[in-house]
$ cat start.txt   # compact mmCIF, C-alpha atoms and all ligand atoms
# COMPACT_ATOMS: atom_id res chain seq x y z
CA MET A 1 156.67 218.26 37.24
CA SER A 2 156.72 220.09 40.54
CA GLY A 3 153.60 220.67 42.64
CA LEU A 4 150.82 222.78 41.21
CA HIS A 5 151.05 226.48 41.82
CA LYS A 6 148.60 227.69 44.45
CA THR A 7 149.23 231.42 44.60
CA VAL A 8 150.43 234.11 42.22
CA GLY A 9 153.70 234.19 44.15
CA ASP A 10 154.31 230.54 43.12
CA LEU A 11 154.46 231.51 39.45
CA ALA A 12 157.97 231.17 38.03
CA ILE A 13 157.82 234.61 36.45
CA PHE A 14 157.61 236.00 40.01
CA GLY A 15 160.44 233.84 41.33
CA GLY A 16 158.69 230.51 41.97
CA LYS A 17 159.92 227.16 40.76
CA PRO A 18 158.93 226.42 37.13
CA ALA A 19 156.00 223.99 36.90
CA PHE A 20 157.99 221.81 34.49
CA ALA A 21 161.63 220.79 34.78
CA GLU A 22 161.97 220.35 31.01
CA ALA A 23 160.85 222.59 28.19
CA LEU A 24 157.48 221.61 26.71
CA HIS A 25 157.62 222.54 23.05
CA VAL A 26 154.73 222.91 20.64
CA GLY A 27 154.98 220.38 17.82
CA ARG A 28 157.16 217.70 19.37
CA PRO A 29 157.08 214.88 16.82
CA ASN A 30 154.60 212.04 16.99
CA LEU A 31 156.54 208.81 16.58
CA GLY A 32 155.01 205.56 15.40
CA ASN A 33 156.20 202.05 16.23
CA ARG A 34 160.00 202.27 16.47
CA GLN A 35 160.54 198.57 15.74
CA ARG A 36 158.53 198.75 12.51
CA LEU A 37 160.47 201.83 11.43
CA LEU A 38 163.84 200.18 12.10
CA GLU A 39 162.78 197.04 10.20
CA ARG A 40 161.88 199.17 7.22
CA ILE A 41 165.13 201.13 7.40
CA ASN A 42 167.13 197.89 7.55
CA ASP A 43 165.27 196.64 4.51
CA ILE A 44 166.07 199.89 2.67
CA LEU A 45 169.76 199.60 3.56
CA ASP A 46 169.84 195.92 2.52
CA SER A 47 168.31 196.78 -0.83
CA ARG A 48 170.66 199.78 -1.38
CA TRP A 49 167.70 201.59 -2.94
CA LEU A 50 167.64 204.89 -1.06
CA THR A 51 165.63 207.15 -3.35
CA ASN A 52 164.31 207.55 -6.97
CA HIS A 53 161.07 205.57 -7.45
CA GLY A 54 161.71 203.23 -4.55
CA ARG A 55 159.05 200.89 -3.29
CA TYR A 56 158.56 202.66 0.06
CA VAL A 57 157.71 205.96 -1.60
CA ALA A 58 155.35 204.13 -3.97
CA GLU A 59 153.64 202.44 -1.03
CA PHE A 60 153.45 205.69 0.92
CA GLU A 61 151.81 207.41 -2.05
CA ARG A 62 149.25 204.61 -2.34
CA ARG A 63 148.43 204.80 1.36
CA VAL A 64 148.07 208.60 1.39
CA ALA A 65 145.77 208.37 -1.67
CA GLU A 66 143.71 205.74 0.18
CA VAL A 67 143.42 207.76 3.40
CA THR A 68 142.37 210.89 1.51
CA GLY A 69 140.26 209.17 -1.15
CA VAL A 70 142.12 210.96 -3.95
CA ALA A 71 143.15 209.38 -7.26
CA HIS A 72 146.77 210.60 -7.34
CA CYS A 73 149.37 211.30 -4.70
CA VAL A 74 152.91 212.46 -5.47
CA ALA A 75 155.25 212.41 -2.48
CA ILE A 76 157.58 215.41 -2.30
CA CYS A 77 160.68 216.25 -0.22
CA ASN A 78 158.79 218.87 1.85
CA GLY A 79 155.57 220.85 1.88
CA THR A 80 157.13 224.08 0.61
CA VAL A 81 158.61 222.49 -2.51
CA ALA A 82 155.29 220.66 -2.97
CA LEU A 83 153.52 224.05 -3.00
CA GLU A 84 156.08 225.45 -5.46
CA ILE A 85 155.67 222.52 -7.82
CA ALA A 86 151.86 222.51 -7.61
CA ILE A 87 151.82 226.27 -8.31
CA ARG A 88 154.05 225.80 -11.35
CA ALA A 89 152.22 222.74 -12.63
CA LEU A 90 148.97 224.76 -12.50
CA ASN A 91 150.74 227.47 -14.52
CA LEU A 92 149.91 230.18 -11.99
CA ARG A 93 151.57 233.54 -12.64
CA GLY A 94 150.95 237.26 -12.12
CA GLU A 95 148.97 237.53 -8.89
CA VAL A 96 147.65 234.80 -6.63
CA ILE A 97 145.33 235.46 -3.70
CA VAL A 98 146.40 233.92 -0.36
CA PRO A 99 145.62 234.54 3.29
CA ALA A 100 148.18 236.51 5.32
CA PHE A 101 147.21 234.40 8.35
CA THR A 102 149.34 231.38 7.44
CA PHE A 103 152.85 230.01 7.72
CA ILE A 104 155.21 232.12 5.61
CA ALA A 105 155.88 229.22 3.18
CA THR A 106 152.46 229.70 1.55
CA ALA A 107 153.52 233.17 0.38
CA HIS A 108 157.18 232.30 -0.26
CA ALA A 109 156.23 229.44 -2.60
CA LEU A 110 154.71 232.09 -4.88
CA GLN A 111 157.24 234.91 -4.50
CA TRP A 112 160.11 232.43 -5.01
CA GLN A 113 158.96 232.01 -8.59
CA GLY A 114 158.14 235.64 -9.27
CA ILE A 115 154.42 235.43 -8.57
CA GLN A 116 152.94 238.14 -6.36
CA PRO A 117 151.01 236.93 -3.34
CA VAL A 118 148.01 239.20 -2.80
CA PHE A 119 147.08 238.92 0.85
CA CYS A 120 143.45 238.48 1.74
CA ASP A 121 141.83 238.82 5.15
CA ILE A 122 140.22 235.98 7.04
CA ASP A 123 136.93 235.22 8.72
CA LEU A 124 137.32 235.56 12.49
CA LEU A 125 135.15 232.51 13.13
CA THR A 126 136.86 230.09 10.75
CA HIS A 127 140.37 231.70 10.72
CA ASN A 128 140.32 230.98 6.97
CA LEU A 129 140.05 233.06 3.77
CA ASP A 130 137.06 235.38 3.53
CA PRO A 131 135.57 234.47 0.11
CA ALA A 132 133.83 237.86 -0.25
CA GLN A 133 137.16 239.66 0.02
CA VAL A 134 138.83 237.14 -2.27
CA GLU A 135 136.36 238.16 -4.95
CA ARG A 136 137.07 241.87 -4.42
CA LEU A 137 140.83 241.27 -4.81
CA ILE A 138 140.54 239.60 -8.22
CA THR A 139 142.19 241.67 -10.98
CA PRO A 140 143.02 240.93 -14.64
CA ARG A 141 146.42 239.72 -13.39
CA THR A 142 144.96 237.16 -10.96
CA THR A 143 145.53 233.54 -11.99
CA GLY A 144 144.76 231.61 -8.85
CA ILE A 145 143.68 231.29 -5.24
CA ILE A 146 145.46 229.34 -2.51
CA GLY A 147 143.28 228.57 0.49
CA VAL A 148 144.85 227.30 3.72
CA HIS A 149 142.90 224.89 5.94
CA VAL A 150 144.23 226.50 9.13
CA TRP A 151 144.31 224.14 12.17
CA GLY A 152 142.92 221.43 9.85
CA ARG A 153 139.54 223.19 9.72
CA SER A 154 138.41 223.49 6.11
CA CYS A 155 138.19 226.67 4.09
CA GLU A 156 134.82 227.61 2.64
CA VAL A 157 135.63 225.20 -0.13
CA GLU A 158 132.36 225.43 -2.10
CA ARG A 159 132.42 229.23 -2.30
CA LEU A 160 136.08 229.24 -3.36
CA GLU A 161 135.44 226.54 -5.97
CA ASP A 162 132.54 228.60 -7.31
CA LEU A 163 134.72 231.75 -7.47
CA ALA A 164 137.53 229.90 -9.21
CA ARG A 165 135.13 228.46 -11.79
CA ARG A 166 133.45 231.79 -12.53
CA HIS A 167 136.74 233.68 -12.86
CA HIS A 168 138.73 230.87 -14.54
CA LEU A 169 141.30 230.72 -11.75
CA GLY A 170 143.45 227.88 -10.50
CA LEU A 171 142.49 226.73 -7.00
CA LEU A 172 145.02 225.14 -4.70
CA PHE A 173 144.71 224.28 -1.03
CA ASP A 174 147.59 224.38 1.41
CA ALA A 175 146.43 221.43 3.52
CA ALA A 176 149.63 221.30 5.59
CA HIS A 177 147.50 221.15 8.77
CA ALA A 178 144.69 219.06 7.38
CA PHE A 179 145.92 215.53 6.76
CA ALA A 180 143.23 213.02 7.85
CA CYS A 181 140.64 215.79 8.33
CA SER A 182 137.30 215.99 6.54
CA HIS A 183 134.95 218.66 5.22
CA HIS A 184 131.22 217.87 4.96
CA GLY A 185 132.15 214.22 5.35
CA ARG A 186 134.66 214.24 2.47
CA MET A 187 138.36 213.86 3.25
CA MET A 188 140.51 216.90 2.68
CA GLY A 189 142.75 216.41 -0.33
CA SER A 190 140.13 216.17 -3.05
CA PHE A 191 139.14 219.83 -3.26
CA GLY A 192 140.18 222.44 -5.82
CA ASP A 193 142.66 221.50 -8.56
CA ALA A 194 145.08 220.00 -6.04
CA GLU A 195 145.91 220.04 -2.35
CA VAL A 196 149.29 220.00 -0.62
CA PHE A 197 150.16 218.23 2.62
CA SER A 198 153.22 218.75 4.79
CA PHE A 199 154.75 215.83 6.66
CA HIS A 200 157.28 217.96 8.51
CA ALA A 201 158.40 216.66 11.90
CA THR A 202 156.07 219.07 13.72
CA LYS A 203 153.00 218.06 11.76
CA PHE A 204 150.36 215.51 12.75
CA ALA A 205 151.95 212.71 10.68
CA ASN A 206 155.59 213.10 9.74
CA THR A 207 158.27 211.79 7.41
CA PHE A 208 161.07 213.79 9.17
CA GLU A 209 160.81 216.28 6.28
CA GLY A 210 158.24 215.67 3.58
CA GLY A 211 155.11 216.62 1.77
CA ALA A 212 152.71 215.46 -0.92
CA ILE A 213 150.52 216.82 -3.68
CA VAL A 214 147.17 215.09 -4.13
CA THR A 215 144.79 215.59 -7.03
CA ASN A 216 142.05 213.86 -9.01
CA ASN A 217 143.37 215.38 -12.24
CA SER A 218 145.49 212.75 -14.09
CA GLU A 219 147.13 215.23 -16.46
CA LEU A 220 148.13 217.50 -13.61
CA ALA A 221 149.49 214.53 -11.64
CA ALA A 222 151.59 213.45 -14.64
CA ARG A 223 153.03 216.98 -15.01
CA ILE A 224 153.85 217.07 -11.28
CA ARG A 225 155.63 213.69 -11.52
CA LEU A 226 157.85 215.04 -14.30
CA MET A 227 158.55 218.32 -12.53
CA LYS A 228 159.57 216.77 -9.22
CA ASN A 229 162.21 214.68 -11.07
CA PHE A 230 164.04 217.30 -13.21
CA GLY A 231 161.56 216.79 -16.08
CA PHE A 232 162.87 213.27 -16.80
CA ALA A 233 160.35 211.22 -18.82
CA GLY A 234 162.80 208.31 -19.21
CA LYS A 235 166.53 207.69 -19.07
CA ASP A 236 168.40 210.52 -20.84
CA HIS A 237 165.06 212.06 -21.83
CA VAL A 238 164.06 215.43 -20.34
CA VAL A 239 160.77 216.90 -21.58
CA CYS A 240 160.28 219.98 -19.39
CA LEU A 241 161.76 222.20 -16.74
CA GLY A 242 161.90 220.46 -13.41
CA THR A 243 163.47 220.46 -9.99
CA ASN A 244 164.44 217.89 -7.39
CA GLY A 245 161.36 217.38 -5.24
CA LYS A 246 161.78 213.68 -4.56
CA MET A 247 161.03 212.12 -1.19
CA SER A 248 163.65 209.65 0.07
CA GLU A 249 162.91 206.03 1.01
CA VAL A 250 163.77 206.60 4.67
CA SER A 251 161.24 209.42 4.83
CA ALA A 252 158.59 207.22 3.24
CA ALA A 253 159.40 204.48 5.78
CA MET A 254 158.77 206.97 8.59
CA GLY A 255 155.54 208.04 6.90
CA LEU A 256 154.26 204.48 6.52
CA THR A 257 155.02 203.88 10.19
CA ALA A 258 153.11 207.05 11.12
CA LEU A 259 150.14 205.97 8.97
CA GLU A 260 149.95 202.70 10.92
CA SER A 261 149.56 204.75 14.12
CA LEU A 262 147.18 207.36 12.74
CA GLU A 263 144.19 206.41 14.87
CA GLU A 264 146.29 206.23 18.05
CA ILE A 265 147.80 209.66 17.43
CA ILE A 266 144.34 211.12 16.78
CA ALA A 267 143.03 209.50 19.98
CA VAL A 268 145.81 211.07 22.09
CA ASN A 269 145.39 214.47 20.44
CA ARG A 270 141.65 214.29 20.97
CA ARG A 271 142.06 213.32 24.63
CA ASN A 272 144.39 216.31 25.13
CA TYR A 273 141.97 218.61 23.31
CA GLU A 274 139.05 217.47 25.52
CA LEU A 275 141.19 217.99 28.65
CA TYR A 276 142.15 221.49 27.54
CA ARG A 277 138.50 222.20 26.74
CA ALA A 278 137.36 221.10 30.20
CA GLY A 279 140.32 222.74 31.93
CA LEU A 280 139.86 226.13 30.26
CA ALA A 281 136.07 226.22 30.17
CA GLU A 282 134.33 229.43 31.18
CA LEU A 283 137.44 231.54 31.54
CA PRO A 284 136.62 235.16 30.71
CA GLY A 285 138.33 236.33 27.51
CA ILE A 286 139.97 232.99 26.68
CA ARG A 287 138.51 230.78 24.00
CA LEU A 288 139.84 227.44 22.78
CA VAL A 289 139.58 226.97 19.02
CA ALA A 290 136.95 224.26 18.63
CA TYR A 291 136.77 221.32 16.25
CA ASP A 292 133.46 220.24 14.75
CA PRO A 293 132.80 216.78 16.20
CA ALA A 294 130.78 215.91 13.06
CA GLN A 295 134.01 216.03 10.99
CA LYS A 296 137.20 214.01 11.09
CA ASN A 297 139.86 216.11 12.82
CA ASN A 298 143.46 215.38 13.67
CA TYR A 299 143.28 217.68 16.74
CA GLN A 300 146.94 218.59 16.16
CA TYR A 301 146.59 222.25 17.18
CA ILE A 302 145.56 223.55 20.57
CA VAL A 303 144.95 227.23 19.96
CA LEU A 304 143.73 229.83 22.42
CA VAL A 305 142.26 233.12 21.28
CA VAL A 306 142.92 235.68 24.01
CA ASP A 307 140.82 238.81 24.31
CA SER A 308 143.42 240.84 26.22
CA ALA A 309 140.96 243.57 27.23
CA GLU A 310 138.57 241.06 28.76
CA VAL A 311 141.25 238.95 30.45
CA GLY A 312 143.05 242.04 31.68
CA ILE A 313 146.41 240.54 30.68
CA SER A 314 148.01 240.83 27.27
CA ARG A 315 148.54 237.81 25.05
CA ASP A 316 152.30 238.45 25.14
CA ASP A 317 152.37 238.60 28.95
CA LEU A 318 150.49 235.32 29.11
CA VAL A 319 153.07 233.79 26.76
CA ARG A 320 155.90 235.12 28.99
CA ILE A 321 154.25 233.67 32.08
CA LEU A 322 153.96 230.27 30.37
CA HIS A 323 157.56 230.38 29.10
CA ALA A 324 158.77 230.98 32.65
CA GLU A 325 156.99 227.73 33.61
CA ASN A 326 158.80 225.95 30.75
CA VAL A 327 155.65 225.79 28.66
CA ILE A 328 157.02 227.04 25.37
CA ALA A 329 153.71 228.37 24.03
CA ARG A 330 153.92 229.93 20.57
CA ARG A 331 152.35 232.97 18.96
CA TYR A 332 151.33 230.99 15.90
CA PHE A 333 150.68 232.62 13.35
CA TYR A 334 152.22 235.93 14.30
CA PRO A 335 152.69 238.37 12.72
CA GLY A 336 150.74 238.07 9.45
CA CYS A 337 152.82 237.34 6.32
CA HIS A 338 152.21 240.94 5.16
CA ARG A 339 154.25 242.12 8.17
CA MET A 340 157.30 239.98 7.31
CA GLU A 341 159.97 240.48 4.68
CA PRO A 342 160.07 240.71 1.77
CA TYR A 343 156.34 241.49 1.67
CA ARG A 344 156.40 244.31 4.21
CA SER A 345 158.83 246.28 2.03
CA CYS A 346 158.09 245.13 -1.49
CA CYS A 347 154.32 245.09 -1.53
CA PRO A 348 152.89 246.96 1.44
CA GLN A 349 149.16 246.37 1.64
CA ASP A 350 146.51 248.63 3.02
CA GLY A 351 146.48 247.72 6.72
CA ALA A 352 142.73 248.13 7.05
CA SER A 353 142.12 245.37 4.54
CA LEU A 354 143.91 242.89 6.82
CA ALA A 355 142.45 244.14 10.10
CA ARG A 356 141.07 240.74 11.13
CA THR A 357 144.38 239.03 10.37
CA ASP A 358 146.16 241.58 12.57
CA LEU A 359 143.62 241.17 15.36
CA LEU A 360 143.77 237.37 15.34
CA SER A 361 147.56 237.18 15.02
CA GLN A 362 147.79 239.40 18.12
CA SER A 363 145.43 237.10 20.03
CA VAL A 364 146.53 233.51 19.36
CA ILE A 365 148.55 231.18 21.55
CA SER A 366 149.45 227.63 20.49
CA LEU A 367 149.92 225.16 23.34
CA PRO A 368 151.77 221.84 23.50
CA THR A 369 149.91 218.67 22.60
CA GLY A 370 150.63 215.44 20.74
CA THR A 371 151.81 212.04 21.89
CA ALA A 372 154.67 213.59 23.90
CA VAL A 373 152.20 215.39 26.20
CA ALA A 374 150.61 213.45 29.08
CA PRO A 375 147.14 214.15 30.52
CA GLU A 376 148.62 215.45 33.81
CA THR A 377 150.71 217.89 31.82
CA VAL A 378 147.64 219.31 30.09
CA GLN A 379 145.87 219.63 33.43
CA ALA A 380 148.85 221.42 34.95
CA ILE A 381 149.05 223.87 32.03
CA CYS A 382 145.33 224.59 32.40
CA GLY A 383 145.89 225.11 36.12
CA ILE A 384 148.50 227.79 35.42
CA VAL A 385 146.21 229.61 33.00
CA ARG A 386 143.29 229.40 35.44
CA LEU A 387 145.42 230.71 38.31
CA VAL A 388 146.58 233.65 36.20
CA VAL A 389 143.06 234.52 35.06
CA ALA A 390 141.56 234.13 38.53
CA HIS A 391 144.12 236.56 39.96
CA ARG A 392 144.53 238.73 36.88
CA ARG A 393 144.58 242.06 38.72
CA GLU A 394 147.34 240.94 41.05
CA VAL A 395 149.29 239.39 38.15
CA GLN A 396 148.92 242.57 36.14
CA ARG A 397 150.06 244.72 39.06
CA ARG A 398 153.15 242.59 39.59
CA LEU A 399 153.94 242.54 35.86
CA GLU A 400 153.61 246.27 35.34
CA PRO A 401 157.18 247.36 36.13
CA ARG A 402 158.51 244.74 33.72
CA SER A 403 155.96 245.45 30.99
CA SER A 404 157.03 249.07 30.97
CA GLU A 405 160.61 247.96 30.27
CA GLY A 406 159.25 246.96 26.87
CA ALA A 407 160.08 243.28 27.17
CA THR A 408 158.41 241.13 24.55
CA ALA A 409 157.87 237.42 24.37
CA ALA A 410 160.31 235.33 22.38
C1 LIG B 1 154.35 223.52 7.73
C2 LIG B 1 153.60 224.36 6.76
C3 LIG B 1 154.05 224.56 5.44
C4 LIG B 1 155.41 224.12 4.97
O1 LIG B 1 155.62 222.77 4.99
P1 LIG B 1 157.14 222.22 5.12
O2 LIG B 1 156.96 220.74 4.97
O3 LIG B 1 157.65 222.61 6.46
O4 LIG B 1 157.93 222.80 4.00
C5 LIG B 1 153.25 225.30 4.59
N1 LIG B 1 152.08 225.81 4.99
C6 LIG B 1 151.62 225.66 6.24
C7 LIG B 1 150.29 226.25 6.61
C8 LIG B 1 152.37 224.94 7.17
O5 LIG B 1 151.92 224.83 8.44
$ encode --input "start.txt" --output "structure tokens"
Amino acid sequence: MSGLHKTVGDLAIFGGKPAFAEALHVGRPNLGNRQRLLERINDILDSRWLTNHGRYVAEFERRVAEVTGVAHCVAICNGTVALEIAIRALNLRGEVIVPAFTFIATAHALQWQGIQPVFCDIDLLTHNLDPAQVERLITPRTTGIIGVHVWGRSCEVERLEDLARRHHLGLLFDAAHAFACSHHGRMMGSFGDAEVFSFHATKFANTFEGGAIVTNNSELAARIRLMKNFGFAGKDHVVCLGTNGKMSEVSAAMGLTALESLEEIIAVNRRNYELYRAGLAELPGIRLVAYDPAQKNNYQYIVLVVDSAEVGISRDDLVRILHAENVIARRYFYPGCHRMEPYRSCCPQDGASLARTDLLSQSVISLPTGTAVAPETVQAICGIVRLVVAHRREVQRRLEPRSSEGATAA
């Protein structure tokens, strides 16, 4: 890290030296105890049991069920396949209501199996599904709702459960962000018919690639276990259509190692969040997405909502300024799923009905955090943002010739 920038002219975008020598990416993996991981991997190699009902996957499933307080956990090779299997096991078809403000996999998991995602707008306070609009989007073809606990902050679970009950719909939660988070004091994982976690490398706890479906419904869990293993009910005995959704032993070993470090990872994320909160307090037009201290949070996402008009600098210009400093901030989620293919072409939706999704997706910036990000780094990033906001007119004036060239952030 070089010295802190003092004037607008020090900013790298205007020719100064970047604040960081190396790129700071969002979602650099949290690693647990390396020695414990290597011991487990050696044990796996010694046993020559690499996948298919191995003991590490079984132990990982037990531990995830314990952490989330759910009866059944089925480990899956990744979160997307976990969504696909959960959707199929719930027999969803026709139309399923999902937010457009999510990672594209939520929609793809439906479309991949010929189910139409019907995009619903969000609440600008929670960033999650607006239950009132969900209800208006229900048609005779609707079979389910998938809520996404964006940033690990819960959907309006009770209202969605009530809607699903009254309209006889399946209810699934994409809890990819929400492992080890709670809602009204209850751990996420036990809501709706089932919930899906992702343990991708960028997520709070990771298994390199991985995911899990958790549910309190024994019949559903049994169906999911068959489906993730080609429908095999025993040797040479296939009882239903299935796929290969199995998690490998090495992935489970990584997951078990992450679970041992859960509290440490949360503590670091929380420290970074508090530093960002202090460092960005009272900046006009910039708001840090807040976590309810009364709930369990994994604090994995540091998200700014930028009111460009109030700041006087566009979200995309702010991202470009940060990139020049080697802070690889992300526009996450941008654009909404309805603006990406195949949805943009195949099922264009009335833009007005997703106005809040569009507004939010044009305002968000995700910043680096996690165990790879030191306190001084967070303070330096806050310093850059504060400098830019304090001198926003000068920054804007200097940016103008470039902005008019139509450059956009990566
Ligand atoms: C990461 C993510 C997924 C996909 O999980 P993978 O394990 O990467 O397949 C799905 N939904 C959301 C909201 C995610 O963030």
$ residues_around --input "start.txt" --residues "Arg36 of chain A" --least-positions-apart "2" --cutoff "12 Å" --atoms "only C-alpha atoms" --output "list of chain:residue names"
A:Leu31, A:Gly32, A:Asn33, A:Arg34, A:Leu38, A:Glu39, A:Arg40, A:Ile41, A:Asn42, A:Asp43, A:Ala253, A:Met254, A:Gly255, A:Leu256, A:Thr257, A:Ala258, A:Leu259, A:Glu260, A:Ser261
$ axis_aligned_box --input "start.txt" --around "ligand LIG 1 (chain B)" --padding-each-side "3 Å" --output "AutoDock Vina command-line options"
--center_x 154.1 --center_y 223.5 --center_z 6.2 --size_x 13.6 --size_y 11.5 --size_z 10.4
$ closest_residue --input "start.txt" --among "A:Phe191, A:Phe208, A:Trp49, A:Phe119" --to "ligand LIG 1 (chain B)" --atoms "all atoms listed in the file"
A:Phe208
$ atom_distance --input "start.txt" --atom1 "atom CA of Arg165 of chain A" --atom2 "atom CA of Thr142 of chain A"
13.2 Å
$ residues_near_point --input "start.txt" --point "(156.4, 221.4, -3.6)" --cutoff "8 Å" --atoms "all atoms listed in the file" --output "PDB file with C-alpha atoms, in the frame of the given file"
ATOM      1  CA  ILE A  76     157.580 215.410  -2.300  1.00  0.00           C
ATOM      2  CA  CYS A  77     160.680 216.250  -0.220  1.00  0.00           C
ATOM      3  CA  ASN A  78     158.790 218.870   1.850  1.00  0.00           C
ATOM      4  CA  GLY A  79     155.570 220.850   1.880  1.00  0.00           C
ATOM      5  CA  THR A  80     157.130 224.080   0.610  1.00  0.00           C
ATOM      6  CA  VAL A  81     158.610 222.490  -2.510  1.00  0.00           C
ATOM      7  CA  ALA A  82     155.290 220.660  -2.970  1.00  0.00           C
ATOM      8  CA  LEU A  83     153.520 224.050  -3.000  1.00  0.00           C
ATOM      9  CA  GLU A  84     156.080 225.450  -5.460  1.00  0.00           C
ATOM     10  CA  ILE A  85     155.670 222.520  -7.820  1.00  0.00           C
ATOM     11  CA  ALA A  86     151.860 222.510  -7.610  1.00  0.00           C
ATOM     12  CA  VAL A 196     149.290 220.000  -0.620  1.00  0.00           C
ATOM     13  CA  GLY A 211     155.110 216.620   1.770  1.00  0.00           C
ATOM     14  CA  ALA A 212     152.710 215.460  -0.920  1.00  0.00           C
ATOM     15  CA  ILE A 213     150.520 216.820  -3.680  1.00  0.00           C
ATOM     16  CA  LYS A 228     159.570 216.770  -9.220  1.00  0.00           C
ATOM     17  CA  GLY A 245     161.360 217.380  -5.240  1.00  0.00           C
TER      18      GLY A 245
END
$ closest_residue --input "start.txt" --among "A:Thr102, A:Asn272, A:Ser353, A:Ser182" --to "Tyr332 of chain A" --atoms "all atoms listed in the file"
A:Thr102
$ residues_near_ligand --input "start.txt" --ligand "ligand LIG 1 (chain B)" --cutoff "7 Å" --atoms "only C-alpha atoms and all ligand atoms" --output "list in words"
Asn78, Gly79, Thr80, Val81, Thr102, Phe103, Ala105, Thr106, Val148, Val150, Asp174, Ala175, Ala176, His177, Ser198, Phe199, His200, Lys203, Glu209, Gly210 and Gly211 of chain A
$ residues_around --input "start.txt" --residues "His167 of chain A" --least-positions-apart "6" --cutoff "12 Å" --atoms "only C-alpha atoms" --output "list of chain:residue names"
A:Val134, A:Glu135, A:Arg136, A:Leu137, A:Ile138, A:Thr139, A:Pro140, A:Arg141, A:Thr142, A:Thr143, A:Gly144, A:Ile145, A:Leu160, A:Glu161
$ write_last_selection --input "start.txt" --atoms "C-alpha atoms" --output "PDB file, in the frame of the given file"
ATOM      1  CA  VAL A 134     138.830 237.140  -2.270  1.00  0.00           C
ATOM      2  CA  GLU A 135     136.360 238.160  -4.950  1.00  0.00           C
ATOM      3  CA  ARG A 136     137.070 241.870  -4.420  1.00  0.00           C
ATOM      4  CA  LEU A 137     140.830 241.270  -4.810  1.00  0.00           C
ATOM      5  CA  ILE A 138     140.540 239.600  -8.220  1.00  0.00           C
ATOM      6  CA  THR A 139     142.190 241.670 -10.980  1.00  0.00           C
ATOM      7  CA  PRO A 140     143.020 240.930 -14.640  1.00  0.00           C
ATOM      8  CA  ARG A 141     146.420 239.720 -13.390  1.00  0.00           C
ATOM      9  CA  THR A 142     144.960 237.160 -10.960  1.00  0.00           C
ATOM     10  CA  THR A 143     145.530 233.540 -11.990  1.00  0.00           C
ATOM     11  CA  GLY A 144     144.760 231.610  -8.850  1.00  0.00           C
ATOM     12  CA  ILE A 145     143.680 231.290  -5.240  1.00  0.00           C
ATOM     13  CA  LEU A 160     136.080 229.240  -3.360  1.00  0.00           C
ATOM     14  CA  GLU A 161     135.440 226.540  -5.970  1.00  0.00           C
TER      15      GLU A 161
END
$ residues_around --input "start.txt" --residues "Leu304 of chain A" --least-positions-apart "5" --cutoff "7 Å" --atoms "all atoms listed in the file" --output "PyMOL selection string"
chain A and resi 286-289+364-366
$ write_last_selection --input "start.txt" --atoms "C-alpha atoms" --output "compact mmCIF listing (two decimals), in the frame of the given file"
# COMPACT_ATOMS: atom_id res chain seq x y z
CA ILE A 286 139.97 232.99 26.68
CA ARG A 287 138.51 230.78 24.00
CA LEU A 288 139.84 227.44 22.78
CA VAL A 289 139.58 226.97 19.02
CA VAL A 364 146.53 233.51 19.36
CA ILE A 365 148.55 231.18 21.55
CA SER A 366 149.45 227.63 20.49
$ residues_around --input "start.txt" --residues "Ala221 of chain A" --least-positions-apart "3" --cutoff "12 Å" --atoms "only C-alpha atoms" --output "list in words"
Val70, Ala71, His72, Cys73, Val74, Ala75, Ile85, Ala86, Ala89, Leu90, Asp193, Ala194, Glu195, Ala212, Ile213, Val214, Thr215, Asn216, Asn217, Ser218, Ile224, Arg225, Leu226, Met227 and Lys228 of chain A
$ closest_residue --input "start.txt" --among "A:Glu158, A:Val26, A:Ala390, A:Val8" --to "Arg331 of chain A" --atoms "only C-alpha atoms"
A:Val26
$ closest_residue --input "start.txt" --among "A:Cys382, A:Ala222, A:Leu129, A:Val250" --to "Val57 of chain A" --atoms "all atoms listed in the file"
A:Val250
$ decode --input "start.txt" --residues "segment 308-313 of chain A" --atoms "N, CA, C and O atoms" --output "compact mmCIF listing (two decimals), in the first residue's frame"
# COMPACT_ATOMS: atom_id res chain seq x y z
N SER A 308 -26.49 8.73 -7.01
CA SER A 308 -25.59 9.50 -7.88
C SER A 308 -25.92 10.99 -7.88
O SER A 308 -25.02 11.83 -7.89
N ALA A 309 -27.22 11.31 -7.87
CA ALA A 309 -27.63 12.72 -7.92
C ALA A 309 -27.12 13.45 -6.68
O ALA A 309 -26.60 14.56 -6.77
N GLU A 310 -27.24 12.79 -5.53
CA GLU A 310 -26.83 13.45 -4.29
C GLU A 310 -25.31 13.53 -4.16
O GLU A 310 -24.76 14.54 -3.72
N VAL A 311 -24.63 12.46 -4.57
CA VAL A 311 -23.16 12.47 -4.49
C VAL A 311 -22.58 13.42 -5.54
O VAL A 311 -21.55 14.05 -5.33
N GLY A 312 -23.26 13.49 -6.68
CA GLY A 312 -22.74 14.32 -7.76
C GLY A 312 -21.74 13.57 -8.62
O GLY A 312 -21.05 14.15 -9.46
N ILE A 313 -21.62 12.27 -8.40
CA ILE A 313 -20.74 11.41 -9.19
C ILE A 313 -21.50 10.12 -9.45
O ILE A 313 -22.16 9.61 -8.54
